[in-house]
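Worksheet: one structure, shown below.
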Amino acid sequence: MTAATPTAHATLTTTDQARRVVVVAAEIFCVVGTLFGIGVLGTRVEEAAGGALAATATLVAPAGPAFSIWSVIYLGLLAYAVWQALPANAVRERVRRTGWLAAASMVLNAAWLLVTQQGWIWASVVVIVALALTLGVLLRRLTTEPASSTLERVVVDATFGLYLGWVAVATCANVTAALADSGVDLGSVGNQVAAVVVVAVAAVLGAVFAQQLGGRWTVAAAMAWGLAWIAVGRLGDEPRSVATGLAAAVAAVVVLAAAARWRGRAALRAA
């Protein structure tokens, strides 16, 4: 791909102006939802829905420290909201093609936090799946045109890459939590087999992302981060499962290896 054509001279349209405002409003809504999720305005996520989403609720739940990645993602979303509002950035085709999706992702993020406050665990599955799909489309569109600067790569590509990678793992954990909360119990061995299958699905998703998104390191890193903390949780905390822990560790390596493989192919094609 060639470098993006500058569009700073383009006219700032009414649609551009509306999109800028909507993204900022969505970011504010996202912050409000976050205040509920961390317990400032409501109940912390791990304590909501009867503890169904706690770090020790299921075999596929990442250990507590894994969720610190949200601090980086939220900081990136704040920076993005400011960056995209600048007139020179608002008229870029890359922003026009992804800005509405970015706003939607922020709204869905807040909606997920508010839904879990009500204990609606299956509704939270619907919301997080919609969020994952939205981010997948957004990253795919970003991949069709490279960033024009290092700042854009950090604020836009890195932020939404981490966002997608983490949400992909979180979706797997969310679905598992909903099943467990609904009383699905396959027994000690059956639950571990099911958990290994879920982790394997996450690894396959990571490989698909690597192929479709050009081996983006941020997506792979966020997925590997989440999978690694599943491994830590299962090997060092309750509920313990050596099989799940080892599978998660292997899956983390597979996701990173898939990204490296596709980046290597891209480099060869460029050469």
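Each chain in the structure tokens gets a letter, A, B, ..., in the order shown, and its residues are numbered from 1; ligands are numbered from 1 in order too.
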Exercise: Ala110 in chain A partners within 9 Å, only C-alpha atoms, chain neighbours under 3 positions left out, as a PyMOL selection string: chain A and resi 26+29-34+36-37+105-107+113-115
Kindly provide the residues of range 39-126 of chain A that approach range 243-252 of chain A to within 10 Å, each paired with its closest atom pair and their distance in Å to one decimal, based on only C-alpha atoms, listed by chain and increasing number, as CSV.
residue,atom,partner,partner_atom,distance
A:Leu59,CA,A:Thr244,CA,7.1
A:Val60,CA,A:Thr244,CA,7.8
A:Pro62,CA,A:Ala248,CA,10.0
If we count only C-alpha atoms and set the cut-off at 6 Å, which residues sit around range 159-172 of chain A, ignoring sequence neighbours fewer than 4 positions away in its own chain? Please answer as a PyMOL selection string. chain A and resi 73+76+135+155+218-219+222-223
Using only C-alpha atoms, which residue out of A:Ser68, A:Ser241, A:Thr134, A:Thr13 lies closest to Val189 in chain A? A:Ser241
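You can rank A:Ala173, A:Ala158, A:Ala221, A:Thr14 by their closest distance to Thr143 in chain A using only C-alpha atoms, and at the top of that list sits A:Ala158.
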So that I can see what lies close to Ala177 in chain A, please list as a list in words the residues with an atom at most 9 Å from it, counting only C-alpha atoms and leaving out residues fewer than 6 positions away in the same chain. Ala52, Leu53, Ala54, Ala57, Thr58, Val60, Ala61 and Ile121 of chain A
File dump, residues just selected, C-alpha atoms, as a tab-separated table (two decimals), in the first residue's frame:
chain	number	residue	atom	x	y	z
A	52	ALA	CA	-20.87	-14.09	37.31
A	53	LEU	CA	-18.12	-11.98	35.72
A	54	ALA	CA	-15.61	-12.17	38.57
A	57	ALA	CA	-16.21	-17.24	38.35
A	58	THR	CA	-15.28	-19.59	35.49
A	60	VAL	CA	-12.05	-18.92	31.20
A	61	ALA	CA	-12.03	-15.79	33.36
A	121	ILE	CA	-25.85	-11.50	31.74
Selected residue of minimal separation from Gly136 in chain A among A:Val95, A:Leu12, A:Ala25, A:Leu205, counting only C-alpha atoms: A:Leu205
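For the atom pair formed by CA of Arg216 in chain A and CA of Ala132 in chain A, the distance is 16.0 Å, given to one decimal.
Residue nearest Arg140 in chain A, chosen from A:Ser182, A:Thr98, A:Asn109, A:Asn174 and counting only C-alpha atoms: A:Thr98.
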Return as a ChimeraX atom specification the full set of residues in range 14-230 of chain A whose backbone-based DSSP assignment is alpha helix (DSSP H). /A:14-37,69-85,87-90,93-117,121-143,150-152,159-181,187-212,217-230
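The interatomic distance for the pair CA of Leu138 in chain A and CA of Trp100 in chain A works out to 9.2 Å.
Counting only C-alpha atoms and comparing A:Val22, A:Leu108, A:Ala258, A:Val82, the residue that lies closest to Ala210 in chain A is A:Ala258.
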